[in-house]
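Asker: This is the structure, below, for whatever I ask next.
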Amino acid sequence: MMQRFKAALLLKRNNLCIHSLRFLNQYHTRTLYSLLDTTITNELDNQVLVEGKAWSRIAILNRPLVLNCLSTTMGFYALMLIFGLYSADLPFSSAATIFSVLNYGAKADGKTDDTNLIGTISSPSSPSVWSGRDTSKWLTFNGVTGLLITGTGTINGHGMNWWSQSCSDHPNLSLSLISCKQSTISGIYFINSAQEHLVIYQSNDILIKNMHITAPGNSPNTDGIHIEASQNVLVNNSIIATGDDCVSIGDMTSNINVTFVNCGPGHGVSIGSLGKNGNSVKVENIHVKRVNFKGTTNGARIKTWQVGLGYARKISFEHITLQSVQNPIYIDQYYCDIKGARGNCAQKSTGVHISEVTYNDIVGTSSTYVAINLNCSQSVACNGITLSSIKIQSDKSGQQVISKCTNAHGTNSGVVQPKSCLQP
């Protein structure tokens, strides 16, 4: 049966673990390669286990590979695992296929730089293939420090056949980093995930750069990058065009920076939604800078559920350009559970407290009449909002745009167009 060649790499040398997933014609790393097919023989419930200390987990459909650093008698530590995923058009076996790197050019002499990893990781395209399997994850790294995922290859989620079904039935076909630290993802092309393309969860010190993420503008819930319960994350120099948020930032996050991103189509860069199910929110130090929005439904957005608690503070959107954006500057605190009634829900006594939010140097065009919409909670006011150097015009010749505020308090600086509606 024809298989596409895919690759994953886990390396350790001199007690320093380096975990890498690479898609390159040639990538050079100084290490000792060691993999004997007979070494990986302990299979429990279709999980391949290798004993050791530092470990990563790559979940492939319902058959995860649990990878650990393998000790050798030379005092070096190296494990290179190359695995095959079946073509999206073919059925797949109950367990992942394992290849020896020695059959693909590795010298294993402790001297030669000889990684040569090629290919595209493709999810099966038919939803029926996933029947009876765990659809909550596809490619997952869990508990890794020093992970490096880089290259010029593609991760294809083949989500097209899922999008016509109920969103609740979609698998979360994405690359996920869970409880990872000091890790980098760079240069990968993501396409057509069933839902989020890249998820960062409970992780710290993560760099995401030079990414290209695409899905049709009408594809549901296909966020480019979703960050939640994580700290110290930088998203930089990327192109994201999907059917949902280009970048979404969830609960329990801090010190998140999104810079030099081209966004559109999609739903913009969103902080939220926050506070669903009455959760207590702790979100702060979120900075979005030098982002270009083109044809998006939102630009700089903060969205919270009415029943939420806690706070979102110390947030900035700066040096933003807009091209025909529906809601260029938007705070929406009226998410609720009534179907079809978001924004028109009964008043609640709760709300996430939004404060210390700066909008600075935002220019371009709006495709709707309301260019600035600060729709804050009637119960918990927005405080410390700053509008500075704002110039938003209609994308329709001769038409005007306005600002609209509900319980939003703050100050203005420099030119603010349309005229600010902030209360003192």
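Labels for the structure tokens follow display order: chains A, B, ..., residues from 1 in each chain, ligands from 1.
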Could you write out, as an NGL selection string, all the residues of region 175-236 of chain A that DSSP marks as strand (DSSP E or B)?
Answerer: :A and (175-178 or 181-186 or 189-191 or 198-201 or 204-209 or 212-214 or 225-228 or 231-236)
Asker: Please provide as number ranges by chain all residues within 10 Å of Asn232 (chain A), with the sequence filter that same-chain residues fewer than 5 positions apart are discarded (counting only C-alpha atoms).
Answerer: A: 181-182, 203-207, 253-257, 285-286
Asker: For region 372-389 of chain A, list every protein, DNA or RNA residue within 6 Å, evaluated using only C-alpha atoms, and leave out those in the same chain fewer than 6 positions away; present the list as a PyMOL selection string.
Answerer: chain A and resi 329-333+349+351+353-361+403-416
Asker: Please dump the current selection as an mmCIF file, in the first residue's frame; keep N, CA and C atoms.
Answerer:
```cif
data_model
loop_
_atom_site.group_PDB
_atom_site.id
_atom_site.type_symbol
_atom_site.label_atom_id
_atom_site.label_comp_id
_atom_site.auth_asym_id
_atom_site.auth_seq_id
_atom_site.Cartn_x
_atom_site.Cartn_y
_atom_site.Cartn_z
ATOM 1 N N ILE A 329 -12.583 48.390 15.611
ATOM 2 C CA ILE A 329 -12.270 48.401 17.045
ATOM 3 C C ILE A 329 -13.533 47.956 17.777
ATOM 4 N N TYR A 330 -13.421 46.863 18.511
ATOM 5 C CA TYR A 330 -14.654 46.242 19.022
ATOM 6 C C TYR A 330 -14.429 45.627 20.394
ATOM 7 N N ILE A 331 -15.211 46.081 21.363
ATOM 8 C CA ILE A 331 -15.347 45.390 22.648
ATOM 9 C C ILE A 331 -16.778 44.881 22.725
ATOM 10 N N ASP A 332 -16.925 43.586 22.913
ATOM 11 C CA ASP A 332 -18.247 42.958 22.986
ATOM 12 C C ASP A 332 -18.342 42.163 24.282
ATOM 13 N N GLN A 333 -19.122 42.690 25.240
ATOM 14 C CA GLN A 333 -19.273 42.010 26.526
ATOM 15 C C GLN A 333 -20.644 41.377 26.683
ATOM 16 N N SER A 349 -25.847 40.691 36.305
ATOM 17 C CA SER A 349 -25.133 41.490 37.315
ATOM 18 C C SER A 349 -23.642 41.186 37.308
ATOM 19 N N GLY A 351 -19.870 40.281 35.096
ATOM 20 C CA GLY A 351 -19.139 40.722 33.919
ATOM 21 C C GLY A 351 -17.646 40.727 34.171
ATOM 22 N N HIS A 353 -14.161 42.454 34.128
ATOM 23 C CA HIS A 353 -13.740 43.851 34.203
ATOM 24 C C HIS A 353 -12.606 44.106 33.206
ATOM 25 N N ILE A 354 -12.897 44.925 32.206
ATOM 26 C CA ILE A 354 -11.904 45.295 31.198
ATOM 27 C C ILE A 354 -11.325 46.658 31.550
ATOM 28 N N SER A 355 -9.998 46.750 31.632
ATOM 29 C CA SER A 355 -9.377 48.022 32.008
ATOM 30 C C SER A 355 -7.990 48.158 31.384
ATOM 31 N N GLU A 356 -7.512 49.393 31.335
ATOM 32 C CA GLU A 356 -6.170 49.718 30.845
ATOM 33 C C GLU A 356 -5.945 49.159 29.440
ATOM 34 N N VAL A 357 -6.824 49.565 28.531
ATOM 35 C CA VAL A 357 -6.740 49.132 27.135
ATOM 36 C C VAL A 357 -6.378 50.338 26.269
ATOM 37 N N THR A 358 -5.345 50.208 25.466
ATOM 38 C CA THR A 358 -4.871 51.293 24.597
ATOM 39 C C THR A 358 -5.045 50.932 23.132
ATOM 40 N N TYR A 359 -5.657 51.843 22.381
ATOM 41 C CA TYR A 359 -5.740 51.740 20.925
ATOM 42 C C TYR A 359 -4.942 52.917 20.360
ATOM 43 N N ASN A 360 -3.839 52.642 19.697
ATOM 44 C CA ASN A 360 -2.941 53.698 19.252
ATOM 45 C C ASN A 360 -2.503 53.481 17.808
ATOM 46 N N ASP A 361 -2.565 54.551 17.032
ATOM 47 C CA ASP A 361 -2.109 54.526 15.635
ATOM 48 C C ASP A 361 -2.814 53.425 14.851
ATOM 49 N N SER A 403 -18.568 56.367 16.095
ATOM 50 C CA SER A 403 -18.202 55.596 17.288
ATOM 51 C C SER A 403 -19.450 55.360 18.117
ATOM 52 N N LYS A 404 -19.479 54.232 18.808
ATOM 53 C CA LYS A 404 -20.617 53.897 19.657
ATOM 54 C C LYS A 404 -20.101 53.277 20.938
ATOM 55 N N CYS A 405 -20.506 53.831 22.091
ATOM 56 C CA CYS A 405 -19.998 53.356 23.387
ATOM 57 C C CYS A 405 -21.128 53.027 24.344
ATOM 58 N N THR A 406 -20.923 51.995 25.137
ATOM 59 C CA THR A 406 -21.795 51.655 26.250
ATOM 60 C C THR A 406 -20.938 51.453 27.495
ATOM 61 N N ASN A 407 -21.081 52.347 28.463
ATOM 62 C CA ASN A 407 -20.386 52.215 29.756
ATOM 63 C C ASN A 407 -18.873 52.064 29.594
ATOM 64 N N ALA A 408 -18.316 52.833 28.649
ATOM 65 C CA ALA A 408 -16.876 52.799 28.391
ATOM 66 C C ALA A 408 -16.263 54.128 28.804
ATOM 67 N N HIS A 409 -15.242 54.067 29.662
ATOM 68 C CA HIS A 409 -14.657 55.264 30.260
ATOM 69 C C HIS A 409 -13.165 55.330 29.957
ATOM 70 N N GLY A 410 -12.695 56.553 29.619
ATOM 71 C CA GLY A 410 -11.275 56.689 29.344
ATOM 72 C C GLY A 410 -10.929 58.059 28.809
ATOM 73 N N THR A 411 -9.828 58.125 28.064
ATOM 74 C CA THR A 411 -9.315 59.394 27.565
ATOM 75 C C THR A 411 -8.944 59.285 26.097
ATOM 76 N N ASN A 412 -8.814 60.463 25.463
ATOM 77 C CA ASN A 412 -8.428 60.544 24.063
ATOM 78 C C ASN A 412 -7.135 61.316 23.933
ATOM 79 N N SER A 413 -6.366 60.990 22.896
ATOM 80 C CA SER A 413 -5.108 61.690 22.659
ATOM 81 C C SER A 413 -4.901 61.853 21.164
ATOM 82 N N GLY A 414 -4.573 63.079 20.746
ATOM 83 C CA GLY A 414 -4.341 63.327 19.335
ATOM 84 C C GLY A 414 -5.627 63.221 18.533
ATOM 85 N N VAL A 415 -5.489 62.976 17.242
ATOM 86 C CA VAL A 415 -6.648 62.855 16.352
ATOM 87 C C VAL A 415 -7.367 61.532 16.608
ATOM 88 N N VAL A 416 -8.675 61.611 16.797
ATOM 89 C CA VAL A 416 -9.500 60.413 16.922
ATOM 90 C C VAL A 416 -10.666 60.568 15.946
#
```
Asker: If we count only C-alpha atoms and set the cut-off at 10 Å, which residues sit around Ser164 (chain A), ignoring sequence neighbours fewer than 4 positions away in its own chain? Please answer as a count of residues only.
Answerer: 5
Asker: Please provide the set of residues having any atom within 6 Å of His267 (chain A), restricted to only C-alpha atoms, with same-chain residues fewer than 2 positions apart removed, written as a PDB file with all heavy atoms, in the first residue's frame.
Answerer:
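Written output follows (part.pdb):
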```pdb
ATOM      1  N   ASP A 244     -12.053  31.916  10.902  1.00  0.00           N
ATOM      2  CA  ASP A 244     -12.325  32.375  12.266  1.00  0.00           C
ATOM      3  C   ASP A 244     -11.199  33.318  12.675  1.00  0.00           C
ATOM      4  O   ASP A 244     -10.572  33.938  11.827  1.00  0.00           O
ATOM      5  CB  ASP A 244     -12.461  31.185  13.222  1.00  0.00           C
ATOM      6  CG  ASP A 244     -13.422  31.473  14.375  1.00  0.00           C
ATOM      7  OD1 ASP A 244     -13.120  32.384  15.171  1.00  0.00           O
ATOM      8  OD2 ASP A 244     -14.462  30.811  14.481  1.00  0.00           O
ATOM      9  N   ASP A 245     -10.935  33.431  13.969  1.00  0.00           N
ATOM     10  CA  ASP A 245      -9.905  34.362  14.424  1.00  0.00           C
ATOM     11  C   ASP A 245      -8.545  34.005  13.840  1.00  0.00           C
ATOM     12  O   ASP A 245      -8.144  32.831  13.827  1.00  0.00           O
ATOM     13  CB  ASP A 245      -9.796  34.337  15.955  1.00  0.00           C
ATOM     14  CG  ASP A 245     -11.069  34.812  16.635  1.00  0.00           C
ATOM     15  OD1 ASP A 245     -11.693  35.751  16.118  1.00  0.00           O
ATOM     16  OD2 ASP A 245     -11.424  34.236  17.676  1.00  0.00           O
ATOM     17  N   THR A 296     -11.577  41.462   7.053  1.00  0.00           N
ATOM     18  CA  THR A 296     -11.956  40.651   8.207  1.00  0.00           C
ATOM     19  C   THR A 296     -13.269  41.143   8.814  1.00  0.00           C
ATOM     20  O   THR A 296     -13.670  42.289   8.632  1.00  0.00           O
ATOM     21  CB  THR A 296     -10.856  40.683   9.278  1.00  0.00           C
ATOM     22  OG1 THR A 296     -10.541  42.048   9.594  1.00  0.00           O
ATOM     23  CG2 THR A 296      -9.594  39.998   8.777  1.00  0.00           C
ATOM     24  N   THR A 297     -13.929  40.267   9.554  1.00  0.00           N
ATOM     25  CA  THR A 297     -15.168  40.679  10.229  1.00  0.00           C
ATOM     26  C   THR A 297     -14.881  41.561  11.432  1.00  0.00           C
ATOM     27  O   THR A 297     -15.727  42.371  11.819  1.00  0.00           O
ATOM     28  CB  THR A 297     -15.986  39.458  10.677  1.00  0.00           C
ATOM     29  OG1 THR A 297     -15.179  38.644  11.530  1.00  0.00           O
ATOM     30  CG2 THR A 297     -16.441  38.642   9.482  1.00  0.00           C
ATOM     31  N   ASN A 298     -13.709  41.393  12.028  1.00  0.00           N
ATOM     32  CA  ASN A 298     -13.277  42.230  13.148  1.00  0.00           C
ATOM     33  C   ASN A 298     -11.817  42.594  12.963  1.00  0.00           C
ATOM     34  O   ASN A 298     -11.078  41.922  12.238  1.00  0.00           O
ATOM     35  CB  ASN A 298     -13.441  41.489  14.485  1.00  0.00           C
ATOM     36  CG  ASN A 298     -14.832  40.957  14.692  1.00  0.00           C
ATOM     37  OD1 ASN A 298     -15.762  41.686  14.959  1.00  0.00           O
ATOM     38  ND2 ASN A 298     -14.990  39.639  14.524  1.00  0.00           N
TER      39      ASN A 298
END
```
Asker: Compare A:Val235, A:Val291, A:Ile240, A:Ile155 by their minimum atom-to-atom distance to Gly364 (chain A), counting only C-alpha atoms, and give me the closest one.
Answerer: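 Going through A:Val235, A:Val291, A:Ile240, A:Ile155 one by one, the smallest distance to Gly364 (chain A) is for A:Val291.
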Asker: Using only C-alpha atoms, which protein or nucleic acid residues come within 12 Å of region 271-274 of chain A? Drop anything in the same chain fewer than 5 positions from it, and give the result as a ChimeraX atom specification.
Answerer: /A:225-229,245-254,256-258,279-288,298-313,315-317,330-336,351-354,357
